[in-house]
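*Asks:* Handing you a structure now.
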Amino acid sequence: MSSDNIQKLYKNFGILADAKDKIGEHEKEYLEILTAVKGSDKEKRLASQFIARFFKHFPDLSAQAIEAQLDLCEDEDVSIRKQAIKDLPNLCKDIKDYTQKIADILAQLLQAEDPTELSVVHNSLMSVFKIDPKSALVGMFSQIISGEDVVRERCLKFLTTKFKVLSSEIMTKEAEDYLISECKKVLQDVTAEEFRQLMEILGMTRLGKTSSGQQELVNLIAEQAELDRDSFNPTDSDGENVERLQLCLRYALPYFSAQVDSAPFVSYVCDHVLPVLSDIPTTEDEGSDTQLEILKLLAELCSHCNTIENPESKVEKVFKKLVANMPLPPDDGESVNGTTEPPLEFSQVECLMYSFHRLARHCPEFLTNNAEQLKDFRFRLQYFARGIQGYIKKLREALQGKQGDELKTDENRIKVVALKTTSNINILIKDLFHSPPSYKSVISLSWKPTLPVSQKSNPNVGQKRHTPITFGDSQNSKHLKSERELYQPPSGKYSNKVSSYTPRRGRGRGGPRGGFSTRGGRGWRRGYRD
């Protein structure tokens, strides 16, 4: 019986193929092909191909034909499903009005767990995009906005991974405008992972290629970061506020420039985050210190802070935090943690000193307006400078002559970053010790990608340390005791305090671990209020 049905299918195919202009008169044969989706496996595979082949010739049977094809897409046999999914784009190849519907169907089929089946779905979606990119996006976003969570997740993942190919080959301006508009709508209610994906998609559109577009992206991120709030709670029960802040700052950073000002983000961090920074839980799992990460983000933000309202207020908050990390020399006989040397937090000081150095350009009189404050600060600068110079010398000696693979070991990587950190601080101290303080030096932050440390890239390796910094006249100045040994940080300090954070763009990278989706679904909402 099955062989008779297969012969009948081939016969109907022949009739339709030979009918040419009179093919519309053969609805009976096409209906028999549609009923074959209930037959044997071979009948189903043939039906899938024949339905798509003659679909455009029977508009009155289009709904019935699509339903029959969907039955095959949901068949128990994966090989039949793959065949049906592969044939789906042919339904809209010549009738573009069906592109949106087919894209909607394929978006739902992204739920497939079988990797080979999922690959076929991806290929079919790419084919649909080539037919009509805007309609394909309309179909996909109908599922992103109102579909099941797993479908929404798979759709966004598809767009994130495939958009670069789509945009370079087939994306029209109309389709791209629609994509940008819909992404903005979806951003009103997203998880952390969805935020990453949407920002990556938007970054690949025209918005990421112009200053005006980058400003638009920064504005979107500012909305997500809720910079309009007048406070920052670092100890909310699920830690969402801190994760949100870090994620938004990281994704905004690549877009700041001379044309796109980071001032709103700098102002928010200075006014609302720095005062409560110490309240943020200091988790150092996987080498990440949250407080330090935020200070690093602030330092990078300050690189592009072109104009800022009330700069004195911001500088004051950064300065206060900086001074708290720069101890005065201990008095003779004074003991700190069982030693005569207080601990020096180099990584935090690099971040804060750089931020202060950049922001103080907007109010260069900040230090000189208060003689006592300047005097106290210089004592701290002098002590800190002496504390790092011996360590810089030891690091240079340890790295001298090492090149290539030698510098790639974990131990030497740590030493390279440590040397860059302490050298940066040393450069900034020299600037700040000028009279009046100078803010002209330019440094590359230690955690930013740099060339490997070598004798060639560090011409000062092996040179003598400059004369210790002092200030005031020789009779009234408070000098460090000449017989005191140069401070040496305890072994391993930099392995804990100097991390290798680099802001990254891209799905699932560089943001808070776990995302907000693990905390009750799509709970990271724009406009959320406690």
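The chains in the structure tokens are called A, B, ... from first to last as shown; in each chain the residues are counted from 1, and the ligands are counted from 1 in the order shown.
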Residues of stretch 291-410 of chain A that approach stretch 257-270 of chain A to 8 Å or less, counting only C-alpha atoms: could you list each one with the shortest pair of atoms and its distance in Å to one decimal, rows by chain and increasing residue number, as a Markdown table?

*Replies:*
```
| residue | atom | partner | partner_atom | distance |
| --- | --- | --- | --- | --- |
| A:Leu298 | CA | A:Val266 | CA | 6.6 |
| A:Leu301 | CA | A:Ser262 | CA | 5.9 |
| A:Cys302 | CA | A:Val266 | CA | 6.6 |
| A:His304 | CA | A:Ser262 | CA | 5.6 |
| A:Cys305 | CA | A:Ala263 | CA | 4.9 |
| A:Asn306 | CA | A:Asp261 | CA | 5.8 |
| A:Thr307 | CA | A:Ala263 | CA | 6.4 |
| A:Ile308 | CA | A:Ala263 | CA | 5.5 |
| A:Lys314 | CA | A:Cys270 | CA | 5.6 |
| A:Lys317 | CA | A:Cys270 | CA | 6.3 |
| A:Val318 | CA | A:Cys270 | CA | 6.8 |
```

*Asks:* Write down as a PyMOL selection string the residues of stretch 221-297 of chain A whose backbone DSSP state falls under helix (DSSP H, G or I).

*Replies:* chain A and resi 221-225+240-255+263-279+285-287+290-297

*Asks:* Would you save the residues from that selection as a PDB file, in the first residue's frame, using C-alpha atoms?

*Replies:*
```
ATOM      1  CA  ILE A 221      22.732  52.448  28.780  1.00  0.00           C
ATOM      2  CA  ALA A 222      22.269  55.455  31.075  1.00  0.00           C
ATOM      3  CA  GLU A 223      18.560  54.640  31.239  1.00  0.00           C
ATOM      4  CA  GLN A 224      19.334  51.052  32.194  1.00  0.00           C
ATOM      5  CA  ALA A 225      21.828  52.230  34.829  1.00  0.00           C
ATOM      6  CA  GLU A 240      21.313  43.500  41.615  1.00  0.00           C
ATOM      7  CA  ASN A 241      22.288  47.158  41.969  1.00  0.00           C
ATOM      8  CA  VAL A 242      26.018  46.487  41.985  1.00  0.00           C
ATOM      9  CA  GLU A 243      25.783  44.020  39.087  1.00  0.00           C
ATOM     10  CA  ARG A 244      23.661  46.433  37.087  1.00  0.00           C
ATOM     11  CA  LEU A 245      26.118  49.260  37.681  1.00  0.00           C
ATOM     12  CA  GLN A 246      29.155  47.225  36.630  1.00  0.00           C
ATOM     13  CA  LEU A 247      27.448  45.833  33.556  1.00  0.00           C
ATOM     14  CA  CYS A 248      26.207  49.214  32.339  1.00  0.00           C
ATOM     15  CA  LEU A 249      29.550  50.930  32.898  1.00  0.00           C
ATOM     16  CA  ARG A 250      31.381  48.195  31.001  1.00  0.00           C
ATOM     17  CA  TYR A 251      29.102  48.395  27.998  1.00  0.00           C
ATOM     18  CA  ALA A 252      29.157  52.193  27.919  1.00  0.00           C
ATOM     19  CA  LEU A 253      32.958  52.500  28.070  1.00  0.00           C
ATOM     20  CA  PRO A 254      33.768  51.603  24.436  1.00  0.00           C
ATOM     21  CA  TYR A 255      31.571  54.440  23.153  1.00  0.00           C
ATOM     22  CA  ALA A 263      30.431  63.047  32.549  1.00  0.00           C
ATOM     23  CA  PRO A 264      26.948  61.746  33.568  1.00  0.00           C
ATOM     24  CA  PHE A 265      28.423  58.366  34.516  1.00  0.00           C
ATOM     25  CA  VAL A 266      31.391  59.945  36.307  1.00  0.00           C
ATOM     26  CA  SER A 267      29.080  62.238  38.259  1.00  0.00           C
ATOM     27  CA  TYR A 268      26.863  59.357  39.334  1.00  0.00           C
ATOM     28  CA  VAL A 269      29.764  57.199  40.509  1.00  0.00           C
ATOM     29  CA  CYS A 270      31.425  60.072  42.353  1.00  0.00           C
ATOM     30  CA  ASP A 271      28.253  61.379  43.995  1.00  0.00           C
ATOM     31  CA  HIS A 272      26.456  58.150  44.849  1.00  0.00           C
ATOM     32  CA  VAL A 273      28.798  55.161  44.599  1.00  0.00           C
ATOM     33  CA  LEU A 274      32.129  56.283  46.058  1.00  0.00           C
ATOM     34  CA  PRO A 275      30.613  57.395  49.388  1.00  0.00           C
ATOM     35  CA  VAL A 276      29.241  53.855  49.927  1.00  0.00           C
ATOM     36  CA  LEU A 277      31.957  51.902  48.111  1.00  0.00           C
ATOM     37  CA  SER A 278      33.211  50.288  51.309  1.00  0.00           C
ATOM     38  CA  ASP A 279      29.722  48.849  51.893  1.00  0.00           C
ATOM     39  CA  ASP A 285      36.240  34.843  43.914  1.00  0.00           C
ATOM     40  CA  GLU A 286      37.875  34.049  40.569  1.00  0.00           C
ATOM     41  CA  GLY A 287      40.322  36.902  41.118  1.00  0.00           C
ATOM     42  CA  THR A 290      34.131  44.154  43.168  1.00  0.00           C
ATOM     43  CA  GLN A 291      35.229  47.370  44.867  1.00  0.00           C
ATOM     44  CA  LEU A 292      38.444  47.444  42.848  1.00  0.00           C
ATOM     45  CA  GLU A 293      36.565  46.700  39.629  1.00  0.00           C
ATOM     46  CA  ILE A 294      34.329  49.723  40.183  1.00  0.00           C
ATOM     47  CA  LEU A 295      37.362  51.920  40.826  1.00  0.00           C
ATOM     48  CA  LYS A 296      38.895  50.681  37.581  1.00  0.00           C
ATOM     49  CA  LEU A 297      35.717  51.490  35.713  1.00  0.00           C
TER      50      LEU A 297
END
```

*Asks:* Give the answer as one residue: which of A:Ile201, A:Cys155, A:Ala84, A:Leu367 has the shortest atom-to-atom distance to A:Leu110, using only C-alpha atoms?

*Replies:*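 That would be A:Cys155, the residue with the smallest distance to A:Leu110.
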
*Asks:* Can you list, as an NGL selection string, every protein, DNA or RNA residue that comes within 12 Å of A:Arg81 when you count only C-alpha atoms, leaving out same-chain residues fewer than 2 positions away?

*Replies:* :A and (37 or 41 or 44-45 or 48 or 69-79 or 83-88 or 106 or 109 or 112 or 114 or 116-118 or 120-121)

*Asks:* Taking 2 positions as the minimum chain separation for residues in the same chain, which residues sit within 8 Å of A:Leu359 when counting only C-alpha atoms? Answer as JSON, numbers by chain.

*Replies:* {"A": [302, 305, 311, 314, 315, 355, 356, 357, 361, 362, 363]}

*Asks:* Keeping only all heavy atoms, write the selected residues to a file as a compact mmCIF listing (two decimals), in the first residue's frame.

*Replies:*
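Result saved to out-v4.txt:
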```
# COMPACT_ATOMS: atom_id res chain seq x y z
N CYS A 302 36.87 58.44 33.60
CA CYS A 302 37.47 59.77 33.74
C CYS A 302 38.34 60.13 32.54
O CYS A 302 38.61 61.32 32.31
CB CYS A 302 38.29 59.84 35.03
SG CYS A 302 37.27 59.83 36.53
N CYS A 305 36.00 62.25 30.38
CA CYS A 305 35.13 63.22 31.03
C CYS A 305 35.55 64.61 30.55
O CYS A 305 36.49 65.22 31.08
CB CYS A 305 35.26 63.10 32.55
SG CYS A 305 34.11 64.14 33.45
N PRO A 311 32.63 70.48 39.30
CA PRO A 311 33.76 69.55 39.38
C PRO A 311 34.38 69.46 40.77
O PRO A 311 34.90 68.40 41.15
CB PRO A 311 34.75 70.12 38.36
CG PRO A 311 34.38 71.56 38.23
CD PRO A 311 32.90 71.61 38.39
N LYS A 314 32.95 66.60 42.79
CA LYS A 314 33.38 65.27 42.35
C LYS A 314 34.83 65.02 42.76
O LYS A 314 35.20 63.94 43.25
CB LYS A 314 33.25 65.14 40.84
CG LYS A 314 31.84 64.85 40.33
CD LYS A 314 30.86 65.96 40.61
CE LYS A 314 29.48 65.67 40.07
NZ LYS A 314 28.53 66.75 40.41
N VAL A 315 35.68 66.03 42.56
CA VAL A 315 37.09 65.89 42.90
C VAL A 315 37.26 65.67 44.40
O VAL A 315 38.09 64.86 44.84
CB VAL A 315 37.88 67.14 42.44
CG1 VAL A 315 39.31 67.11 42.98
CG2 VAL A 315 37.90 67.21 40.92
N SER A 355 42.05 58.90 38.56
CA SER A 355 40.76 59.60 38.49
C SER A 355 40.90 61.02 39.00
O SER A 355 40.38 61.98 38.39
CB SER A 355 39.70 58.84 39.31
OG SER A 355 39.51 57.53 38.82
N PHE A 356 41.59 61.18 40.11
CA PHE A 356 41.81 62.52 40.67
C PHE A 356 42.62 63.38 39.70
O PHE A 356 42.29 64.55 39.45
CB PHE A 356 42.54 62.42 42.01
CG PHE A 356 42.92 63.74 42.60
CD1 PHE A 356 41.99 64.53 43.24
CD2 PHE A 356 44.23 64.21 42.49
CE1 PHE A 356 42.34 65.77 43.76
CE2 PHE A 356 44.60 65.44 43.01
CZ PHE A 356 43.65 66.22 43.65
N HIS A 357 43.66 62.80 39.15
CA HIS A 357 44.54 63.50 38.22
C HIS A 357 43.77 64.00 37.00
O HIS A 357 44.02 65.10 36.49
CB HIS A 357 45.67 62.56 37.81
CG HIS A 357 46.77 63.19 37.02
ND1 HIS A 357 46.78 63.19 35.64
CD2 HIS A 357 47.90 63.85 37.40
CE1 HIS A 357 47.87 63.81 35.20
NE2 HIS A 357 48.57 64.21 36.26
N ARG A 361 41.80 68.44 36.56
CA ARG A 361 42.05 69.37 35.46
C ARG A 361 40.91 70.36 35.29
O ARG A 361 41.10 71.44 34.75
CB ARG A 361 42.25 68.58 34.16
CG ARG A 361 43.44 67.63 34.20
CD ARG A 361 43.57 66.83 32.93
NE ARG A 361 44.64 65.84 33.03
CZ ARG A 361 45.08 65.10 32.02
NH1 ARG A 361 44.54 65.24 30.82
NH2 ARG A 361 46.06 64.23 32.20
N HIS A 362 39.74 69.95 35.75
CA HIS A 362 38.58 70.83 35.65
C HIS A 362 38.55 71.87 36.78
O HIS A 362 37.76 72.83 36.71
CB HIS A 362 37.29 70.00 35.68
CG HIS A 362 37.17 69.04 34.53
ND1 HIS A 362 36.84 69.43 33.25
CD2 HIS A 362 37.37 67.69 34.47
CE1 HIS A 362 36.82 68.37 32.45
NE2 HIS A 362 37.14 67.30 33.17
N CYS A 363 39.33 71.67 37.81
CA CYS A 363 39.45 72.65 38.90
C CYS A 363 40.86 72.57 39.48
O CYS A 363 41.07 72.06 40.59
CB CYS A 363 38.39 72.41 39.98
SG CYS A 363 38.31 70.70 40.58
```

*Asks:* If you count only C-alpha atoms, which residues fall within 12 Å of A:Ile6, apart from same-chain ones fewer than 4 positions away, as number ranges by chain?

*Replies:* A: 1-2, 10-13, 32-33, 36-37, 39-47

*Asks:* Pull N, CA and C atoms from the residues just selected and write them as a PDB file, in the first residue's frame.

*Replies:*
```
ATOM      1  N   MET A   1       0.830  -1.216   0.000  1.00  0.00           N
ATOM      2  CA  MET A   1       0.000   0.000   0.000  1.00  0.00           C
ATOM      3  C   MET A   1       0.855   1.253   0.000  1.00  0.00           C
ATOM      4  N   SER A   2       1.958   1.219   0.795  1.00  0.00           N
ATOM      5  CA  SER A   2       2.830   2.370   0.873  1.00  0.00           C
ATOM      6  C   SER A   2       3.473   2.669  -0.477  1.00  0.00           C
ATOM      7  N   TYR A  10       4.340  10.520  -6.918  1.00  0.00           N
ATOM      8  CA  TYR A  10       5.156  10.856  -8.083  1.00  0.00           C
ATOM      9  C   TYR A  10       4.280  11.191  -9.293  1.00  0.00           C
ATOM     10  N   LYS A  11       3.176  10.487  -9.406  1.00  0.00           N
ATOM     11  CA  LYS A  11       2.254  10.761 -10.513  1.00  0.00           C
ATOM     12  C   LYS A  11       1.676  12.169 -10.391  1.00  0.00           C
ATOM     13  N   ASN A  12       1.251  12.512  -9.150  1.00  0.00           N
ATOM     14  CA  ASN A  12       0.707  13.862  -8.937  1.00  0.00           C
ATOM     15  C   ASN A  12       1.769  14.927  -9.187  1.00  0.00           C
ATOM     16  N   PHE A  13       2.990  14.626  -8.792  1.00  0.00           N
ATOM     17  CA  PHE A  13       4.082  15.561  -9.038  1.00  0.00           C
ATOM     18  C   PHE A  13       4.253  15.790 -10.540  1.00  0.00           C
ATOM     19  N   GLU A  32      -3.972  15.920  -2.564  1.00  0.00           N
ATOM     20  CA  GLU A  32      -3.514  14.561  -2.278  1.00  0.00           C
ATOM     21  C   GLU A  32      -2.071  14.578  -1.755  1.00  0.00           C
ATOM     22  N   ILE A  33      -1.278  15.527  -2.260  1.00  0.00           N
ATOM     23  CA  ILE A  33       0.081  15.679  -1.744  1.00  0.00           C
ATOM     24  C   ILE A  33       0.035  16.136  -0.277  1.00  0.00           C
ATOM     25  N   ALA A  36      -0.527  13.433   2.209  1.00  0.00           N
ATOM     26  CA  ALA A  36       0.573  12.480   2.345  1.00  0.00           C
ATOM     27  C   ALA A  36       1.404  12.725   3.602  1.00  0.00           C
ATOM     28  N   VAL A  37       1.207  13.872   4.262  1.00  0.00           N
ATOM     29  CA  VAL A  37       1.963  14.143   5.491  1.00  0.00           C
ATOM     30  C   VAL A  37       1.533  13.205   6.620  1.00  0.00           C
ATOM     31  N   GLY A  39       1.210   9.948   5.959  1.00  0.00           N
ATOM     32  CA  GLY A  39       1.595   8.627   5.486  1.00  0.00           C
ATOM     33  C   GLY A  39       2.897   8.115   6.089  1.00  0.00           C
ATOM     34  N   SER A  40       3.587   7.287   5.319  1.00  0.00           N
ATOM     35  CA  SER A  40       4.839   6.675   5.768  1.00  0.00           C
ATOM     36  C   SER A  40       5.951   7.724   5.791  1.00  0.00           C
ATOM     37  N   ASP A  41       7.090   7.294   6.330  1.00  0.00           N
ATOM     38  CA  ASP A  41       8.218   8.231   6.413  1.00  0.00           C
ATOM     39  C   ASP A  41       8.648   8.716   5.031  1.00  0.00           C
ATOM     40  N   LYS A  42       8.697   7.825   4.068  1.00  0.00           N
ATOM     41  CA  LYS A  42       9.109   8.239   2.728  1.00  0.00           C
ATOM     42  C   LYS A  42       8.078   9.171   2.112  1.00  0.00           C
ATOM     43  N   GLU A  43       6.796   8.903   2.346  1.00  0.00           N
ATOM     44  CA  GLU A  43       5.736   9.796   1.857  1.00  0.00           C
ATOM     45  C   GLU A  43       5.884  11.182   2.443  1.00  0.00           C
ATOM     46  N   LYS A  44       6.190  11.213   3.719  1.00  0.00           N
ATOM     47  CA  LYS A  44       6.332  12.512   4.391  1.00  0.00           C
ATOM     48  C   LYS A  44       7.481  13.324   3.801  1.00  0.00           C
ATOM     49  N   ARG A  45       8.609  12.648   3.546  1.00  0.00           N
ATOM     50  CA  ARG A  45       9.767  13.369   3.006  1.00  0.00           C
ATOM     51  C   ARG A  45       9.460  13.907   1.601  1.00  0.00           C
ATOM     52  N   LEU A  46       8.783  13.095   0.797  1.00  0.00           N
ATOM     53  CA  LEU A  46       8.406  13.549  -0.542  1.00  0.00           C
ATOM     54  C   LEU A  46       7.378  14.677  -0.468  1.00  0.00           C
ATOM     55  N   ALA A  47       6.406  14.517   0.440  1.00  0.00           N
ATOM     56  CA  ALA A  47       5.366  15.543   0.583  1.00  0.00           C
ATOM     57  C   ALA A  47       5.984  16.892   0.942  1.00  0.00           C
TER      58      ALA A  47
END
```

*Asks:* When you draw a straight line from atom CA of A:Ala107 to atom CA of A:Met140, how long is it in Å?

*Replies:*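 Computing the Euclidean distance for atom CA of A:Ala107 and atom CA of A:Met140 yields 5.7 Å.
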